[in-house]
$ cat model-v6.pdb   # PDB, C-alpha atoms
ATOM      1  CA  MET S   7      75.843  95.385  81.328
ATOM      2  CA  THR S   8      74.383  98.549  79.852
ATOM      3  CA  ASP S   9      75.420 101.650  81.742
ATOM      4  CA  ARG S  10      74.631 105.265  81.055
ATOM      5  CA  LEU S  11      77.406 106.529  83.312
ATOM      6  CA  ASP S  12      80.601 107.813  81.702
ATOM      7  CA  LEU S  13      83.604 107.366  83.995
ATOM      8  CA  LEU S  14      86.852 109.234  83.413
ATOM      9  CA  VAL S  15      90.118 108.121  85.005
ATOM     10  CA  ILE S  16      93.035 110.570  84.910
ATOM     11  CA  GLY S  17      96.497 109.238  85.580
ATOM     12  CA  GLU S  18      99.571 107.310  84.648
ATOM     13  CA  CYS S  19     100.212 104.053  82.874
ATOM     14  CA  VAL S  20     103.261 102.095  84.018
ATOM     15  CA  ALA S  21     104.945  98.992  82.635
ATOM     16  CA  ASP S  22     105.496  96.770  85.687
ATOM     17  CA  ILE S  23     108.651  94.706  85.182
ATOM     18  CA  VAL S  24     108.086  91.881  87.649
ATOM     19  CA  ARG S  25     111.178  90.185  89.034
ATOM     20  CA  LEU S  26     110.906  86.854  90.802
ATOM     21  CA  PRO S  27     113.812  84.961  92.346
ATOM     22  CA  GLY S  28     115.270  82.553  89.791
ATOM     23  CA  ALA S  29     112.911  83.581  86.967
ATOM     24  CA  ALA S  30     113.109  85.791  83.889
ATOM     25  CA  ASP S  31     111.644  89.304  84.088
ATOM     26  CA  GLN S  32     107.990  89.597  83.055
ATOM     27  CA  VAL S  33     106.391  92.833  81.826
ATOM     28  CA  HIS S  34     102.825  93.504  82.950
ATOM     29  CA  PRO S  35     100.708  96.569  82.056
ATOM     30  CA  GLY S  36     100.196  98.622  85.205
ATOM     31  CA  GLY S  37      99.973 102.028  86.806
ATOM     32  CA  SER S  38      97.354 102.579  89.502
ATOM     33  CA  PRO S  39      94.909 104.770  87.511
ATOM     34  CA  ALA S  40      95.297 102.562  84.428
ATOM     35  CA  ASN S  41      94.570  99.503  86.573
ATOM     36  CA  VAL S  42      91.423 101.153  87.938
ATOM     37  CA  ALA S  43      90.259 102.013  84.402
ATOM     38  CA  TYR S  44      90.961  98.456  83.275
ATOM     39  CA  GLY S  45      89.089  97.009  86.248
ATOM     40  CA  LEU S  46      86.062  99.224  85.615
ATOM     41  CA  ALA S  47      85.933  98.248  81.943
ATOM     42  CA  ARG S  48      86.232  94.567  82.882
ATOM     43  CA  LEU S  49      83.161  95.082  85.058
ATOM     44  CA  GLY S  50      81.222  96.542  82.137
ATOM     45  CA  ARG S  51      81.566 100.253  82.900
ATOM     46  CA  ASN S  52      81.978 102.915  80.188
ATOM     47  CA  THR S  53      85.481 104.123  80.983
ATOM     48  CA  THR S  54      87.896 106.616  79.448
ATOM     49  CA  LEU S  55      91.524 106.913  80.565
ATOM     50  CA  LEU S  56      93.313 110.238  80.093
ATOM     51  CA  THR S  57      97.013 109.413  80.280
ATOM     52  CA  GLN S  58     100.427 109.433  78.608
ATOM     53  CA  LEU S  59     101.870 106.530  76.620
ATOM     54  CA  GLY S  60     105.197 106.532  74.837
ATOM     55  CA  PRO S  61     105.674 105.349  71.231
ATOM     56  CA  ASP S  62     107.415 102.184  72.406
ATOM     57  CA  ASP S  63     106.740  98.497  72.970
ATOM     58  CA  ASN S  64     105.606  99.058  76.545
ATOM     59  CA  GLY S  65     103.189 101.769  75.441
ATOM     60  CA  ARG S  66     101.708  99.542  72.768
ATOM     61  CA  LEU S  67     101.412  96.645  75.214
ATOM     62  CA  ILE S  68      99.497  98.789  77.708
ATOM     63  CA  ARG S  69      97.260 100.446  75.113
ATOM     64  CA  ASN S  70      96.337  97.105  73.542
ATOM     65  CA  ARG S  71      95.391  95.621  76.893
ATOM     66  CA  LEU S  72      93.265  98.595  77.886
ATOM     67  CA  THR S  73      91.425  98.859  74.577
ATOM     68  CA  ALA S  74      90.817  95.104  74.472
ATOM     69  CA  ALA S  75      88.964  95.463  77.790
ATOM     70  CA  GLY S  76      86.901  98.329  76.408
ATOM     71  CA  VAL S  77      88.763 101.344  77.829
ATOM     72  CA  GLU S  78      88.826 104.415  75.599
ATOM     73  CA  VAL S  79      92.450 105.571  75.852
ATOM     74  CA  ARG S  80      93.149 109.272  75.409
ATOM     75  CA  SER S  81      96.800 110.380  75.423
ATOM     76  CA  ASP S  82      98.015 113.970  75.358
ATOM     77  CA  GLY S  83     100.550 113.127  72.657
ATOM     78  CA  ALA S  84     103.675 113.204  74.810
ATOM     79  CA  THR S  85     106.586 111.257  73.306
ATOM     80  CA  ALA S  86     108.554 110.445  76.472
ATOM     81  CA  PRO S  87     109.164 106.722  77.078
ATOM     82  CA  THR S  88     106.319 104.876  78.747
ATOM     83  CA  PRO S  89     106.917 104.936  82.512
ATOM     84  CA  SER S  90     108.187 101.729  84.072
ATOM     85  CA  ALA S  91     108.534 100.189  87.504
ATOM     86  CA  ALA S  92     110.746  97.287  88.482
ATOM     87  CA  VAL S  93     108.585  95.216  90.838
ATOM     88  CA  THR S  94     110.382  92.808  93.160
ATOM     89  CA  LEU S  95     108.261  90.259  95.006
ATOM     90  CA  ASP S  96     109.279  88.673  98.281
ATOM     91  CA  ASP S  97     108.402  85.112  99.343
ATOM     92  CA  GLY S  98     105.001  86.327 100.579
ATOM     93  CA  GLY S  99     104.111  87.989  97.283
ATOM     94  CA  ARG S 100     104.541  91.510  98.680
ATOM     95  CA  ALA S 101     105.747  94.013  96.115
ATOM     96  CA  THR S 102     108.432  96.713  96.264
ATOM     97  CA  TYR S 103     108.985  99.151  93.378
ATOM     98  CA  VAL S 104     111.796 101.066  91.667
ATOM     99  CA  PHE S 105     110.379 103.662  89.273
ATOM    100  CA  GLU S 106     111.434 105.369  86.050
ATOM    101  CA  ILE S 107     108.600 107.832  85.500
ATOM    102  CA  THR S 108     107.998 111.254  84.012
ATOM    103  CA  TRP S 109     104.555 112.863  84.153
ATOM    104  CA  THR S 110     103.983 115.999  82.094
ATOM    105  CA  LEU S 111     100.248 115.781  81.348
ATOM    106  CA  ALA S 112      99.230 118.846  79.360
ATOM    107  CA  PRO S 113      96.184 120.904  80.390
ATOM    108  CA  GLY S 114      93.093 120.029  78.380
ATOM    109  CA  THR S 115      89.453 119.034  78.433
ATOM    110  CA  PRO S 116      88.003 115.544  78.045
ATOM    111  CA  PRO S 117      86.193 114.650  74.820
ATOM    112  CA  ARG S 118      82.875 114.720  76.703
ATOM    113  CA  SER S 119      81.728 115.573  80.197
ATOM    114  CA  PRO S 120      82.006 112.525  82.466
ATOM    115  CA  HIS S 121      79.598 111.645  85.248
ATOM    116  CA  HIS S 122      82.420 110.532  87.548
ATOM    117  CA  VAL S 123      86.154 111.297  87.703
ATOM    118  CA  HIS S 124      88.787 109.167  89.421
ATOM    119  CA  THR S 125      92.435 110.073  89.936
ATOM    120  CA  GLY S 126      95.333 109.430  92.257
ATOM    121  CA  SER S 127      98.775 107.930  92.644
ATOM    122  CA  VAL S 128     101.814 109.433  90.909
ATOM    123  CA  ALA S 129      99.663 111.537  88.566
ATOM    124  CA  ALA S 130      98.336 113.594  91.460
ATOM    125  CA  VAL S 131     101.724 114.481  92.997
ATOM    126  CA  MET S 132     104.384 114.499  90.271
ATOM    127  CA  GLU S 133     104.835 117.850  88.583
ATOM    128  CA  PRO S 134     104.337 119.336  86.120
ATOM    129  CA  GLY S 135     101.458 116.994  85.271
ATOM    130  CA  ALA S 136      99.945 117.067  88.770
ATOM    131  CA  ALA S 137      98.882 120.674  88.212
ATOM    132  CA  SER S 138      96.886 119.590  85.155
ATOM    133  CA  VAL S 139      95.241 116.806  87.166
ATOM    134  CA  LEU S 140      94.248 119.217  89.925
ATOM    135  CA  ALA S 141      92.869 121.735  87.431
ATOM    136  CA  GLY S 142      90.900 119.005  85.691
ATOM    137  CA  VAL S 143      89.359 117.759  88.928
ATOM    138  CA  LYS S 144      88.392 121.282  89.951
ATOM    139  CA  ALA S 145      86.756 121.940  86.588
ATOM    140  CA  LEU S 146      84.883 118.642  86.373
ATOM    141  CA  ARG S 147      83.638 118.257  89.940
ATOM    142  CA  GLU S 148      80.830 120.747  89.346
ATOM    143  CA  SER S 149      79.095 118.186  87.126
ATOM    144  CA  ALA S 150      80.690 114.907  88.270
ATOM    145  CA  THR S 151      81.408 113.016  91.444
ATOM    146  CA  VAL S 152      85.098 112.534  92.232
ATOM    147  CA  SER S 153      87.124 109.714  93.773
ATOM    148  CA  TYR S 154      90.753 109.776  94.832
ATOM    149  CA  ASP S 155      93.344 107.218  95.920
ATOM    150  CA  PRO S 156      96.711 108.677  96.989
ATOM    151  CA  ASN S 157      98.382 105.256  96.469
ATOM    152  CA  VAL S 158     101.528 106.568  98.114
ATOM    153  CA  ARG S 159     104.842 105.767  96.470
ATOM    154  CA  PRO S 160     107.421 107.240  98.911
ATOM    155  CA  GLU S 161     110.176 107.336  96.276
ATOM    156  CA  LEU S 162     108.078 109.669  94.116
ATOM    157  CA  MET S 163     106.298 111.847  96.675
ATOM    158  CA  GLY S 164     109.029 114.472  97.038
ATOM    159  CA  ASP S 165     109.079 116.685 100.131
ATOM    160  CA  HIS S 166     106.880 115.123 102.806
ATOM    161  CA  ALA S 167     105.081 118.275 103.946
ATOM    162  CA  THR S 168     104.411 119.349 100.366
ATOM    163  CA  ALA S 169     103.098 115.893  99.514
ATOM    164  CA  VAL S 170     100.728 115.892 102.509
ATOM    165  CA  ARG S 171      99.333 119.280 101.492
ATOM    166  CA  GLY S 172      98.780 118.029  97.949
ATOM    167  CA  VAL S 173      97.021 114.888  99.146
ATOM    168  CA  GLU S 174      94.799 116.864 101.504
ATOM    169  CA  ARG S 175      93.873 119.290  98.719
ATOM    170  CA  LEU S 176      92.564 116.440  96.570
ATOM    171  CA  VAL S 177      90.870 114.748  99.524
ATOM    172  CA  ALA S 178      88.857 117.927 100.101
ATOM    173  CA  LEU S 179      87.773 118.000  96.439
ATOM    174  CA  SER S 180      86.619 114.365  96.444
ATOM    175  CA  ASP S 181      83.382 112.580  97.276
ATOM    176  CA  VAL S 182      85.013 109.157  97.775
ATOM    177  CA  VAL S 183      88.542 108.662  99.105
ATOM    178  CA  LYS S 184      90.355 105.367  99.479
ATOM    179  CA  ALA S 185      93.746 104.854 101.144
ATOM    180  CA  SER S 186      95.647 101.923 102.570
ATOM    181  CA  ASP S 187      96.834 101.831 106.156
ATOM    182  CA  GLU S 188     100.377 101.911 104.716
ATOM    183  CA  ASP S 189      99.554 105.119 102.793
ATOM    184  CA  LEU S 190      98.316 106.752 105.965
ATOM    185  CA  GLU S 191     101.326 105.601 107.986
ATOM    186  CA  TRP S 192     103.639 107.344 105.508
ATOM    187  CA  LEU S 193     101.528 110.495 105.394
ATOM    188  CA  TYR S 194     100.905 110.699 109.165
ATOM    189  CA  PRO S 195     103.429 108.514 111.010
ATOM    190  CA  GLY S 196     102.162 107.047 114.244
ATOM    191  CA  GLU S 197      98.556 108.214 113.841
ATOM    192  CA  ASP S 198      95.643 105.820 113.967
ATOM    193  CA  PRO S 199      94.275 105.287 110.420
ATOM    194  CA  GLU S 200      90.683 105.654 111.574
ATOM    195  CA  ASP S 201      91.498 108.999 113.211
ATOM    196  CA  VAL S 202      93.047 110.216 109.964
ATOM    197  CA  ALA S 203      90.026 109.027 107.975
ATOM    198  CA  GLU S 204      87.684 110.894 110.322
ATOM    199  CA  ARG S 205      89.746 114.053 109.924
ATOM    200  CA  TRP S 206      89.683 113.706 106.134
ATOM    201  CA  LEU S 207      85.930 113.101 106.222
ATOM    202  CA  ALA S 208      85.429 116.441 107.952
ATOM    203  CA  THR S 209      87.087 118.261 105.032
ATOM    204  CA  GLY S 210      84.548 117.251 102.394
ATOM    205  CA  PRO S 211      84.287 113.592 101.288
ATOM    206  CA  ALA S 212      81.086 111.602 101.761
ATOM    207  CA  VAL S 213      83.046 108.478 102.694
ATOM    208  CA  VAL S 214      86.676 107.573 103.369
ATOM    209  CA  LEU S 215      87.738 103.953 102.856
ATOM    210  CA  VAL S 216      90.796 102.442 104.524
ATOM    211  CA  THR S 217      92.180  99.106 103.337
ATOM    212  CA  ARG S 218      94.038  96.963 105.864
ATOM    213  CA  GLY S 219      95.409  94.075 103.817
ATOM    214  CA  GLY S 220      94.504  90.726 105.314
ATOM    215  CA  ASP S 221      92.542  92.481 108.067
ATOM    216  CA  GLY S 222      89.881  93.723 105.655
ATOM    217  CA  ALA S 223      88.674  97.264 105.117
ATOM    218  CA  LEU S 224      86.989 100.123 106.914
ATOM    219  CA  ALA S 225      84.560 102.796 105.714
ATOM    220  CA  VAL S 226      84.362 105.974 107.764
ATOM    221  CA  LEU S 227      81.030 107.802 107.497
ATOM    222  CA  PRO S 228      79.485 110.696 109.412
ATOM    223  CA  GLY S 229      77.440 108.128 111.366
ATOM    224  CA  GLY S 230      80.480 106.061 112.348
ATOM    225  CA  PRO S 231      82.734 103.355 110.874
ATOM    226  CA  VAL S 232      81.713 100.191 109.026
ATOM    227  CA  ALA S 233      84.185  97.301 108.692
ATOM    228  CA  VAL S 234      84.381  94.093 106.695
ATOM    229  CA  GLY S 235      86.920  91.298 106.862
ATOM    230  CA  ALA S 236      89.034  90.122 103.958
ATOM    231  CA  PRO S 237      87.935  86.992 102.067
ATOM    232  CA  ARG S 238      90.181  84.004 102.688
ATOM    233  CA  THR S 239      92.375  83.399  99.671
ATOM    234  CA  ASP S 240      95.779  82.045  98.686
ATOM    235  CA  VAL S 241      97.928  85.060  97.812
ATOM    236  CA  VAL S 242     100.067  84.866  94.664
ATOM    237  CA  ASP S 243     101.061  88.531  94.798
ATOM    238  CA  THR S 244      99.591  91.859  95.886
ATOM    239  CA  VAL S 245     100.234  93.762  92.636
ATOM    240  CA  GLY S 246      97.126  95.777  91.766
ATOM    241  CA  ALA S 247      95.142  94.717  94.829
ATOM    242  CA  GLY S 248      94.356  98.263  95.934
ATOM    243  CA  ASP S 249      93.386  99.241  92.397
ATOM    244  CA  ALA S 250      91.009  96.267  92.149
ATOM    245  CA  PHE S 251      89.517  97.355  95.466
ATOM    246  CA  MET S 252      88.991 100.825  93.977
ATOM    247  CA  SER S 253      87.385  99.617  90.757
ATOM    248  CA  GLY S 254      85.176  97.255  92.769
ATOM    249  CA  THR S 255      84.153 100.169  94.979
ATOM    250  CA  LEU S 256      83.209 102.401  92.055
ATOM    251  CA  HIS S 257      81.376  99.569  90.308
ATOM    252  CA  ALA S 258      79.283  98.907  93.414
ATOM    253  CA  LEU S 259      78.601 102.599  94.021
ATOM    254  CA  ALA S 260      77.454 102.964  90.419
ATOM    255  CA  SER S 261      75.194  99.931  90.785
ATOM    256  CA  HIS S 262      73.540 101.613  93.773
ATOM    257  CA  GLY S 263      73.038 104.863  91.820
ATOM    258  CA  LEU S 264      75.544 106.748  93.965
ATOM    259  CA  LEU S 265      77.835 108.222  91.291
ATOM    260  CA  GLY S 266      77.308 111.172  88.996
ATOM    261  CA  PRO S 267      75.651 114.505  89.754
ATOM    262  CA  ASP S 268      72.321 112.777  90.426
ATOM    263  CA  GLY S 269      73.969 110.431  92.925
ATOM    264  CA  ARG S 270      75.958 112.916  94.972
ATOM    265  CA  GLU S 271      73.251 113.682  97.531
ATOM    266  CA  ARG S 272      72.394 109.992  97.892
ATOM    267  CA  LEU S 273      76.100 109.271  98.367
ATOM    268  CA  ARG S 274      76.123 111.702 101.286
ATOM    269  CA  ALA S 275      73.273 109.770 102.880
ATOM    270  CA  LEU S 276      74.920 106.337 102.674
ATOM    271  CA  ASP S 277      73.394 103.806 105.044
ATOM    272  CA  ARG S 278      75.373 101.059 106.734
ATOM    273  CA  ALA S 279      73.813  98.220 104.727
ATOM    274  CA  THR S 280      74.726  99.856 101.424
ATOM    275  CA  VAL S 281      78.266 100.698 102.445
ATOM    276  CA  THR S 282      78.730  97.131 103.704
ATOM    277  CA  ASP S 283      77.664  95.843 100.290
ATOM    278  CA  VAL S 284      80.101  98.242  98.606
ATOM    279  CA  LEU S 285      82.943  97.096 100.867
ATOM    280  CA  ARG S 286      82.156  93.441 100.161
ATOM    281  CA  HIS S 287      82.286  94.068  96.395
ATOM    282  CA  ALA S 288      85.579  95.924  96.775
ATOM    283  CA  ALA S 289      87.169  93.296  99.032
ATOM    284  CA  ALA S 290      86.032  90.460  96.761
ATOM    285  CA  SER S 291      87.500  92.250  93.743
ATOM    286  CA  ALA S 292      90.836  92.604  95.537
ATOM    287  CA  ALA S 293      90.743  88.954  96.638
ATOM    288  CA  VAL S 294      90.408  87.752  93.046
ATOM    289  CA  THR S 295      93.378  89.896  92.055
ATOM    290  CA  VAL S 296      95.776  88.749  94.776
ATOM    291  CA  ALA S 297      94.995  85.123  93.935
ATOM    292  CA  ARG S 298      96.653  85.450  90.511
ATOM    293  CA  ALA S 299      99.775  87.085  89.125
ATOM    294  CA  GLY S 300      99.920  90.773  88.289
ATOM    295  CA  ALA S 301      97.233  93.443  88.236
ATOM    296  CA  ASN S 302      94.505  91.166  86.911
ATOM    297  CA  PRO S 303      91.112  92.252  88.309
ATOM    298  CA  PRO S 304      87.905  90.286  87.867
ATOM    299  CA  ASP S 305      85.222  90.600  85.238
ATOM    300  CA  GLU S 306      81.610  90.673  86.416
ATOM    301  CA  PRO S 307      81.019  86.869  86.500
ATOM    302  CA  GLU S 308      84.261  86.377  88.435
ATOM    303  CA  LEU S 309      83.258  89.084  90.895
ATOM    304  CA  ARG S 310      79.829  87.498  91.417
ATOM    305  CA  ALA S 311      81.487  84.143  92.047
ATOM    306  CA  ALA S 312      83.904  85.693  94.548
ATOM    307  CA  LEU S 313      81.038  87.380  96.382
ATOM    308  CA  ALA S 314      79.234  84.035  96.624
ATOM    309  CA  ARG S 315      82.299  82.593  98.398
ATOM    310  CA  PHE S 316      82.747  85.627 100.683
TER     311      PHE S 316
END

$ encode --input "model-v6.pdb" --output "structure tokens"
Amino acid sequence: MTDRLDLLVIGECVADIVRLPGAADQVHPGGSPANVAYGLARLGRNTTLLTQLGPDDNGRLIRNRLTAAGVEVRSDGATAPTPSAAVTLDDGGRATYVFEITWTLAPGTPPRSPHHVHTGSVAAVMEPGAASVLAGVKALRESATVSYDPNVRPELMGDHATAVRGVERLVALSDVVKASDEDLEWLYPGEDPEDVAERWLATGPAVVLVTRGGDGALAVLPGGPVAVGAPRTDVVDTVGAGDAFMSGTLHALASHGLLGPDGRERLRALDRATVTDVLRHAAASAAVTVARAGANPPDEPELRAALARF
């Protein structure tokens, strides 16, 4: 694929140390923003990741994987150890995490002006680096569309009220927001996810996407919600599923000419047929990922094949 769009992802890399009952630990490159960057590059998109990687084996493992896929990796030069997360999988493949992460991203400017910026997860809430992320988004959104995925990690969110304010600040700065129903339950206990998405939509985004695991996904638009089911698949584990959904979303939006400064107005006039196509791409991307171990999103031929089976 040739693609004139430059996509910038800002956020953390994490070495996922996967622990299965009765098996040796396995280290997989991870971190939600890094997974999104990797997924976009696998789908043929010009992608830069602004991140932090330590001068250690985990950092080299992650960098090598990203660059092999075509991601341009930009680090701010921090020398702290590469963040890690111990990932324990239950019998259903569902993941729980224990983190060892620092995030001190220094303020700076990207090597060139991107057409689209994506951020989220730990990078958007953990200080002092979160302040640099917020400043970067504010500076770049004048000439780029913005997407955001809070990817809530309760252990790392800090004070609940402060975390909610931070999430809502980035939601209001974004054109595309994606959250899982589990994210929204932690942020707004007891509230209906669709109600939350509608409230977020009123603050600025063109579309808010809500993933619902095996129940599919929902897009909330000014004209009302659009839903798709989840493709039927045998789940190996759910590591990276939400990130694959996000990269599939951005890939589809780019294919429809809905990213970048020239796409912003068209994005705000999304029709139901287009958003359904975007949701199908995103759900198919996630389905490929959950059918194999680790955060392993599809390339373009694999995504096409998954869509044909949808």

$ resolve_selection --input "model-v6.pdb" --expression "the PyMOL selection byres ((chain S and resi 181) around 7)" --output "PyMOL selection string"
chain S and resi 151-153+180+182-183+211-213

$ closest_atom_pairs --input "model-v6.pdb" --of "stretch 116-140 of chain S" --to "stretch 250-270 of chain S" --cutoff "9 Å" --atoms "all atoms listed in the file" --output "JSON lines"
{"residue": "S:Pro120", "atom": "CA", "partner": "S:Gly266", "partner_atom": "CA", "distance": 8.2}
{"residue": "S:His121", "atom": "CA", "partner": "S:Gly266", "partner_atom": "CA", "distance": 4.4}
{"residue": "S:His122", "atom": "CA", "partner": "S:Gly266", "partner_atom": "CA", "distance": 5.4}
{"residue": "S:Val123", "atom": "CA", "partner": "S:Gly266", "partner_atom": "CA", "distance": 8.9}

$ closest_residue --input "model-v6.pdb" --among "S:Gly50, S:Pro113, S:Gly45, S:Gly164" --to "S:Thr295" --atoms "all atoms listed in the file"
S:Gly45

$ resolve_selection --input "model-v6.pdb" --expression "the PyMOL selection byres ((chain S and resi 19) around 8)" --output "ChimeraX atom specification"
/S:17-18,20-21,35-40,57-59,68,88-89

$ residues_around --input "model-v6.pdb" --residues "S:Ala311" --least-positions-apart "2" --cutoff "12 Å" --atoms "all atoms listed in the file" --output "list in words"
His287, Ala290, Ser291, Ala293, Val294, Pro304, Asp305, Glu306, Pro307, Glu308, Leu309, Leu313, Ala314, Arg315 and Phe316 of chain S

$ atom_distance --input "model-v6.pdb" --atom1 "atom CA of S:Asp240" --atom2 "atom CA of S:Ala292"
12.1 Å

$ resolve_selection --input "model-v6.pdb" --expression "the PyMOL selection byres ((chain S and resi 139-146) around 8)" --output "PyMOL selection string"
chain S and resi 16-17+111+113-115+119-120+123+125+129-130+135-138+147-150+152+176+179

$ residues_around --input "model-v6.pdb" --residues "S:Arg51" --least-positions-apart "3" --cutoff "10 Å" --atoms "only C-alpha atoms" --output "JSON list (two decimals) with C-alpha atoms, in the frame of the given file"
[["chain", "number", "residue", "atom", "x", "y", "z"],
["S", 7, "MET", "CA", 75.84, 95.38, 81.33],
["S", 8, "THR", "CA", 74.38, 98.55, 79.85],
["S", 9, "ASP", "CA", 75.42, 101.65, 81.74],
["S", 10, "ARG", "CA", 74.63, 105.26, 81.06],
["S", 11, "LEU", "CA", 77.41, 106.53, 83.31],
["S", 12, "ASP", "CA", 80.60, 107.81, 81.70],
["S", 13, "LEU", "CA", 83.60, 107.37, 84.00],
["S", 43, "ALA", "CA", 90.26, 102.01, 84.40],
["S", 44, "TYR", "CA", 90.96, 98.46, 83.28],
["S", 45, "GLY", "CA", 89.09, 97.01, 86.25],
["S", 46, "LEU", "CA", 86.06, 99.22, 85.62],
["S", 47, "ALA", "CA", 85.93, 98.25, 81.94],
["S", 48, "ARG", "CA", 86.23, 94.57, 82.88],
["S", 54, "THR", "CA", 87.90, 106.62, 79.45],
["S", 76, "GLY", "CA", 86.90, 98.33, 76.41],
["S", 77, "VAL", "CA", 88.76, 101.34, 77.83],
["S", 253, "SER", "CA", 87.38, 99.62, 90.76],
["S", 256, "LEU", "CA", 83.21, 102.40, 92.06],
["S", 257, "HIS", "CA", 81.38, 99.57, 90.31],
["S", 260, "ALA", "CA", 77.45, 102.96, 90.42]]

$ closest_residue --input "model-v6.pdb" --among "S:Arg274, S:Val245, S:Lys184, S:Ala84" --to "S:Asp22" --atoms "all atoms listed in the file"
S:Val245

$ atom_distance --input "model-v6.pdb" --atom1 "atom CA of S:Thr53" --atom2 "atom CA of S:Val226"
26.9 Å
